[in-house]
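Notes for the one structure printed next.
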Amino acid sequence: MDLKEYIADIPDFPEPGVLFRDVTPLLADKDAYKEAIRLLVDFAKEKDVDVIAGPEARGFLFGCPVATELNCGFVPVRKPGKLPRKVVTKSYDLEYGSNEIQMHSDSIQPGQNVLIVDDLLATGGTVQATVSLIEQMGGNVVGIAFLIELEALKGRKLLTGYDVYSVLKY
Ligand code: PRP
Ligand code: MG
């Protein structure tokens with residue numbers, strides 16, 4: 001099954017010059033979605049994963065099904081102001097401006113093995129900030145898995161030393 005057939009290429013979204021890789025056709029197809037999750041699980045099951053962390057919003061769509069398949073928990077990484085209890089916060093730079101993500105400060109226990117799952121690796125800023133929060137709480141990042149990697153943006157360079165897997169490369 002060629003999962004790229006289920007990724008829609010949208011030119012000039014969200015701004016001119018950007019080619020957006022839209023995962024919604026894959027999500028909408030029961031067989032393609034199941035196959036994508038199966039491939040992510042195949043990578044994850046080789047590791048001793050205690051919990052999966054996934055960044056809002058699209059990371060939830062892939063991280064949560066992998067967590068139930070692996071029989072482990074899921075911890076959300078959220079945009080600011082969404083989590084109700086004490087949080088840890090990390091800012092990271094974008095091409096223009098900056099972003100912030102947060103996790104509950106007790107969401108990872110020291111020594112826990114954490115797998116990060118997101119839909120897409122672009123510049124790597126989101127996942128690098130996620131790694132930083134997990135490690136700040138004492139977690140071990142045992143792997144990082146994406147549905148899609150945009151190789152031209154070289155996000156993988158920020159993740160040297162980690163076991164990084166992507167189902168589809170562009
Ligand atoms: C997108 C995508 C990844 C991130 C990748 O999320 O889902 O999480 O960007 O980009 P990076 O590698 O350059 O950090 P976005 O923040 O657009 O929001 P969403 O998941 O809520 O749609
Ligand atoms: Mg995202």
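Just remember, in the structure tokens the first chain shown is A, the second B, etc., residues are 1-based per chain, and ligands are 1-based in the order shown.
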
Contact residues around Lys79 in chain A with only C-alpha atoms at 12 Å, ignoring same-chain residues under 4 positions, as a PyMOL selection string: chain A and resi 54-57+83+87-91+99-104+126+129-130

List every residue of range 98-160 of chain A that DSSP, applied to the backbone, labels as helix (DSSP H, G or I), and write the result as an mmCIF file with all heavy atoms, in the first residue's frame.
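File produced: states06.cif:
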```cif
data_model
loop_
_atom_site.group_PDB
_atom_site.id
_atom_site.type_symbol
_atom_site.label_atom_id
_atom_site.label_comp_id
_atom_site.auth_asym_id
_atom_site.auth_seq_id
_atom_site.Cartn_x
_atom_site.Cartn_y
_atom_site.Cartn_z
ATOM 1 N N GLY A 125 11.803 22.087 15.167
ATOM 2 C CA GLY A 125 11.654 22.930 16.358
ATOM 3 C C GLY A 125 10.675 22.381 17.383
ATOM 4 O O GLY A 125 10.955 22.377 18.588
ATOM 5 N N THR A 126 9.542 21.886 16.915
ATOM 6 C CA THR A 126 8.520 21.365 17.826
ATOM 7 C C THR A 126 9.046 20.158 18.592
ATOM 8 O O THR A 126 8.921 20.073 19.824
ATOM 9 C CB THR A 126 7.258 20.956 17.028
ATOM 10 O OG1 THR A 126 6.818 22.076 16.263
ATOM 11 C CG2 THR A 126 6.155 20.466 17.951
ATOM 12 N N VAL A 127 9.656 19.247 17.859
ATOM 13 C CA VAL A 127 10.093 18.016 18.528
ATOM 14 C C VAL A 127 11.318 18.270 19.412
ATOM 15 O O VAL A 127 11.448 17.685 20.493
ATOM 16 C CB VAL A 127 10.290 16.872 17.515
ATOM 17 C CG1 VAL A 127 11.476 17.099 16.635
ATOM 18 C CG2 VAL A 127 10.414 15.550 18.222
ATOM 19 N N GLN A 128 12.181 19.179 18.997
ATOM 20 C CA GLN A 128 13.341 19.494 19.833
ATOM 21 C C GLN A 128 12.882 20.099 21.172
ATOM 22 O O GLN A 128 13.416 19.763 22.239
ATOM 23 C CB GLN A 128 14.279 20.450 19.109
ATOM 24 C CG GLN A 128 15.600 20.630 19.822
ATOM 25 C CD GLN A 128 16.483 21.692 19.167
ATOM 26 O OE1 GLN A 128 15.997 22.709 18.672
ATOM 27 N NE2 GLN A 128 17.778 21.437 19.157
ATOM 28 N N ALA A 129 11.888 20.959 21.121
ATOM 29 C CA ALA A 129 11.353 21.536 22.355
ATOM 30 C C ALA A 129 10.688 20.459 23.216
ATOM 31 O O ALA A 129 10.796 20.466 24.454
ATOM 32 C CB ALA A 129 10.360 22.645 22.016
ATOM 33 N N THR A 130 10.028 19.514 22.566
ATOM 34 C CA THR A 130 9.390 18.403 23.291
ATOM 35 C C THR A 130 10.437 17.543 23.989
ATOM 36 O O THR A 130 10.281 17.182 25.169
ATOM 37 C CB THR A 130 8.550 17.557 22.304
ATOM 38 O OG1 THR A 130 7.577 18.398 21.697
ATOM 39 C CG2 THR A 130 7.876 16.394 23.002
ATOM 40 N N VAL A 131 11.512 17.226 23.281
ATOM 41 C CA VAL A 131 12.621 16.471 23.880
ATOM 42 C C VAL A 131 13.134 17.203 25.119
ATOM 43 O O VAL A 131 13.361 16.601 26.179
ATOM 44 C CB VAL A 131 13.776 16.278 22.862
ATOM 45 C CG1 VAL A 131 15.042 15.796 23.554
ATOM 46 C CG2 VAL A 131 13.368 15.317 21.753
ATOM 47 N N SER A 132 13.296 18.508 24.984
ATOM 48 C CA SER A 132 13.851 19.305 26.072
ATOM 49 C C SER A 132 12.961 19.239 27.329
ATOM 50 O O SER A 132 13.454 19.066 28.446
ATOM 51 C CB SER A 132 14.027 20.733 25.549
ATOM 52 O OG SER A 132 14.225 21.609 26.590
ATOM 53 N N LEU A 133 11.651 19.330 27.153
ATOM 54 C CA LEU A 133 10.740 19.257 28.310
ATOM 55 C C LEU A 133 10.772 17.878 28.957
ATOM 56 O O LEU A 133 10.788 17.751 30.189
ATOM 57 C CB LEU A 133 9.306 19.595 27.879
ATOM 58 C CG LEU A 133 9.036 21.053 27.514
ATOM 59 C CD1 LEU A 133 7.580 21.225 27.087
ATOM 60 C CD2 LEU A 133 9.359 21.974 28.677
ATOM 61 N N ILE A 134 10.774 16.834 28.134
ATOM 62 C CA ILE A 134 10.794 15.464 28.668
ATOM 63 C C ILE A 134 12.072 15.235 29.482
ATOM 64 O O ILE A 134 12.032 14.686 30.587
ATOM 65 C CB ILE A 134 10.680 14.443 27.510
ATOM 66 C CG1 ILE A 134 9.281 14.524 26.896
ATOM 67 C CG2 ILE A 134 10.993 13.026 27.982
ATOM 68 C CD1 ILE A 134 9.162 13.820 25.554
ATOM 69 N N GLU A 135 13.184 15.689 28.937
ATOM 70 C CA GLU A 135 14.465 15.484 29.635
ATOM 71 C C GLU A 135 14.546 16.344 30.896
ATOM 72 O O GLU A 135 15.114 15.909 31.909
ATOM 73 C CB GLU A 135 15.626 15.735 28.670
ATOM 74 C CG GLU A 135 15.663 14.643 27.593
ATOM 75 C CD GLU A 135 16.805 14.773 26.597
ATOM 76 O OE1 GLU A 135 17.432 15.851 26.538
ATOM 77 O OE2 GLU A 135 17.054 13.781 25.876
ATOM 78 N N GLN A 136 13.960 17.534 30.845
ATOM 79 C CA GLN A 136 13.909 18.394 32.040
ATOM 80 C C GLN A 136 13.185 17.688 33.189
ATOM 81 O O GLN A 136 13.526 17.848 34.357
ATOM 82 C CB GLN A 136 13.174 19.688 31.656
ATOM 83 C CG GLN A 136 13.086 20.732 32.739
ATOM 84 C CD GLN A 136 12.231 21.920 32.267
ATOM 85 O OE1 GLN A 136 12.220 22.255 31.083
ATOM 86 N NE2 GLN A 136 11.527 22.538 33.183
ATOM 87 N N GLU A 151 12.636 16.157 4.252
ATOM 88 C CA GLU A 151 14.097 16.057 4.392
ATOM 89 C C GLU A 151 14.809 17.364 4.073
ATOM 90 O O GLU A 151 15.846 17.670 4.669
ATOM 91 C CB GLU A 151 14.630 14.931 3.501
ATOM 92 C CG GLU A 151 14.191 13.564 3.995
ATOM 93 C CD GLU A 151 14.792 12.441 3.176
ATOM 94 O OE1 GLU A 151 14.484 12.339 1.968
ATOM 95 O OE2 GLU A 151 15.582 11.671 3.748
ATOM 96 N N ALA A 152 14.250 18.153 3.151
ATOM 97 C CA ALA A 152 14.932 19.399 2.746
ATOM 98 C C ALA A 152 15.075 20.372 3.905
ATOM 99 O O ALA A 152 15.964 21.225 3.899
ATOM 100 C CB ALA A 152 14.168 20.054 1.601
ATOM 101 N N LEU A 153 14.217 20.251 4.911
ATOM 102 C CA LEU A 153 14.261 21.197 6.034
ATOM 103 C C LEU A 153 15.245 20.770 7.124
ATOM 104 O O LEU A 153 15.454 21.496 8.095
ATOM 105 C CB LEU A 153 12.844 21.397 6.607
ATOM 106 C CG LEU A 153 11.875 22.043 5.608
ATOM 107 C CD1 LEU A 153 10.490 22.210 6.219
ATOM 108 C CD2 LEU A 153 12.382 23.401 5.137
ATOM 109 N N GLY A 155 15.364 18.850 9.666
ATOM 110 C CA GLY A 155 14.994 18.775 11.080
ATOM 111 C C GLY A 155 15.757 17.686 11.824
ATOM 112 O O GLY A 155 16.047 17.804 13.013
ATOM 113 N N ARG A 156 16.096 16.622 11.100
ATOM 114 C CA ARG A 156 16.805 15.496 11.714
ATOM 115 C C ARG A 156 18.139 15.936 12.333
ATOM 116 O O ARG A 156 18.611 15.325 13.297
ATOM 117 C CB ARG A 156 17.013 14.421 10.640
ATOM 118 C CG ARG A 156 17.322 13.060 11.139
ATOM 119 C CD ARG A 156 17.430 12.108 9.964
ATOM 120 N NE ARG A 156 16.195 11.417 9.647
ATOM 121 C CZ ARG A 156 15.867 10.217 10.133
ATOM 122 N NH1 ARG A 156 16.685 9.580 10.947
ATOM 123 N NH2 ARG A 156 14.732 9.646 9.789
ATOM 124 N N LYS A 157 18.721 16.990 11.754
ATOM 125 C CA LYS A 157 20.010 17.486 12.265
ATOM 126 C C LYS A 157 19.914 17.928 13.722
ATOM 127 O O LYS A 157 20.910 17.872 14.460
ATOM 128 C CB LYS A 157 20.470 18.685 11.428
ATOM 129 C CG LYS A 157 21.297 18.323 10.236
ATOM 130 C CD LYS A 157 21.988 19.566 9.702
ATOM 131 C CE LYS A 157 23.204 19.204 8.862
ATOM 132 N NZ LYS A 157 23.844 20.401 8.313
ATOM 133 N N LEU A 158 18.731 18.407 14.134
ATOM 134 C CA LEU A 158 18.547 18.838 15.524
ATOM 135 C C LEU A 158 18.380 17.649 16.456
ATOM 136 O O LEU A 158 18.337 17.806 17.671
ATOM 137 C CB LEU A 158 17.304 19.732 15.655
ATOM 138 C CG LEU A 158 17.282 21.046 14.880
ATOM 139 C CD1 LEU A 158 15.992 21.805 15.178
ATOM 140 C CD2 LEU A 158 18.484 21.899 15.253
ATOM 141 N N LEU A 159 18.254 16.439 15.878
ATOM 142 C CA LEU A 159 17.904 15.259 16.676
ATOM 143 C C LEU A 159 19.025 14.235 16.684
ATOM 144 O O LEU A 159 18.791 13.046 16.907
ATOM 145 C CB LEU A 159 16.615 14.640 16.116
ATOM 146 C CG LEU A 159 15.437 15.618 16.008
ATOM 147 C CD1 LEU A 159 14.247 14.966 15.312
ATOM 148 C CD2 LEU A 159 15.040 16.127 17.392
#
```

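Considering only C-alpha atoms and all ligand atoms, the residue among A:Tyr6, A:Tyr96, A:Phe74, A:Phe60 positioned nearest to ligand 1 is A:Phe60.
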
Taking the DSSP assignment computed from this structure's backbone, write out as JSON, numbers by chain all residues of range 10-107 of chain A that belong to strand (DSSP E). {"A": [10, 11, 19, 20, 21, 22, 51, 52, 53, 54, 55, 73, 74, 75, 76, 77, 87, 88, 89, 90, 91, 92, 93, 98, 99, 100, 101, 102, 103, 104]}

Quick one: everything within 12 Å of Asp50 in chain A, counting only C-alpha atoms, minus sequence neighbours fewer than 2 positions away in the same chain. Send it as an MDAnalysis selection string. chainID A and resid 44:45 47:48 52:53 67:68 70:75 107:116 139:143

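Computed from the coordinates, the CA of Gly63 in chain A to CA of Pro11 in chain A distance equals 26.7 Å.
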
From A:Ala32, A:Ile148, A:Val41, A:Leu94, residue lying nearest Arg58 in chain A [only C-alpha atoms]: A:Ile148

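Comparing the minimum interatomic distances between ligand 2 and each of A:Leu61, A:Met137, A:Ile144, A:Leu168, counting only C-alpha atoms and all ligand atoms, we find that A:Leu61 sits nearest.
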
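Checking A:Pro65, A:Gly81, A:Gly124, A:Gly161 one by one against ligand 2, counting only C-alpha atoms and all ligand atoms, you find the shortest gap at A:Gly124.
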
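For Tyr33 in chain A, the non-local neighbours within 10 Å, defined as residues at least 6 positions apart in the same chain or in other chains and counting only C-alpha atoms, are Leu3, Tyr6, Val23, Thr24, Pro25, Leu26, Leu27, Leu61, Phe62 and Pro65 of chain A.
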
Kindly save the residues from that selection, with C-alpha atoms included, as an mmCIF file, in the first residue's frame.
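Contents of out07.cif, freshly written:
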```cif
data_model
loop_
_atom_site.group_PDB
_atom_site.id
_atom_site.type_symbol
_atom_site.label_atom_id
_atom_site.label_comp_id
_atom_site.auth_asym_id
_atom_site.auth_seq_id
_atom_site.Cartn_x
_atom_site.Cartn_y
_atom_site.Cartn_z
ATOM 1 C CA LEU A 3 0.575 5.718 1.748
ATOM 2 C CA TYR A 6 -3.270 9.394 0.756
ATOM 3 C CA VAL A 23 -2.730 14.020 6.140
ATOM 4 C CA THR A 24 -6.529 14.244 6.296
ATOM 5 C CA PRO A 25 -7.172 11.881 3.336
ATOM 6 C CA LEU A 26 -5.032 9.258 5.090
ATOM 7 C CA LEU A 27 -6.930 9.730 8.345
ATOM 8 C CA LEU A 61 -4.001 11.698 15.903
ATOM 9 C CA PHE A 62 -1.010 9.389 15.518
ATOM 10 C CA PRO A 65 -3.588 4.979 18.530
#
```

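If you measure from each of A:Val49, A:Leu40, A:Leu120, A:Glu5 to ligand 1 using only C-alpha atoms and all ligand atoms, the closest one turns out to be A:Leu120.
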
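Interatomic distance, CA of Ala122 in chain A against atom 19 (P, counted along the ligand's line) of ligand 1: 12.1 Å.
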
For Lys34 in chain A, the nearest of the candidates A:Asp106, A:Asp93, A:Asp119, A:Glu69, counting only C-alpha atoms: A:Glu69

Atom pair CA of Val164 in chain A + CA of Arg78 in chain A, distance 21.4 Å

Compile the contact shell of Ser166 in chain A as a ChimeraX atom specification: residues with an atom at most 6 Å away, counting only C-alpha atoms, same-chain residues fewer than 6 positions apart removed. /A:145-149
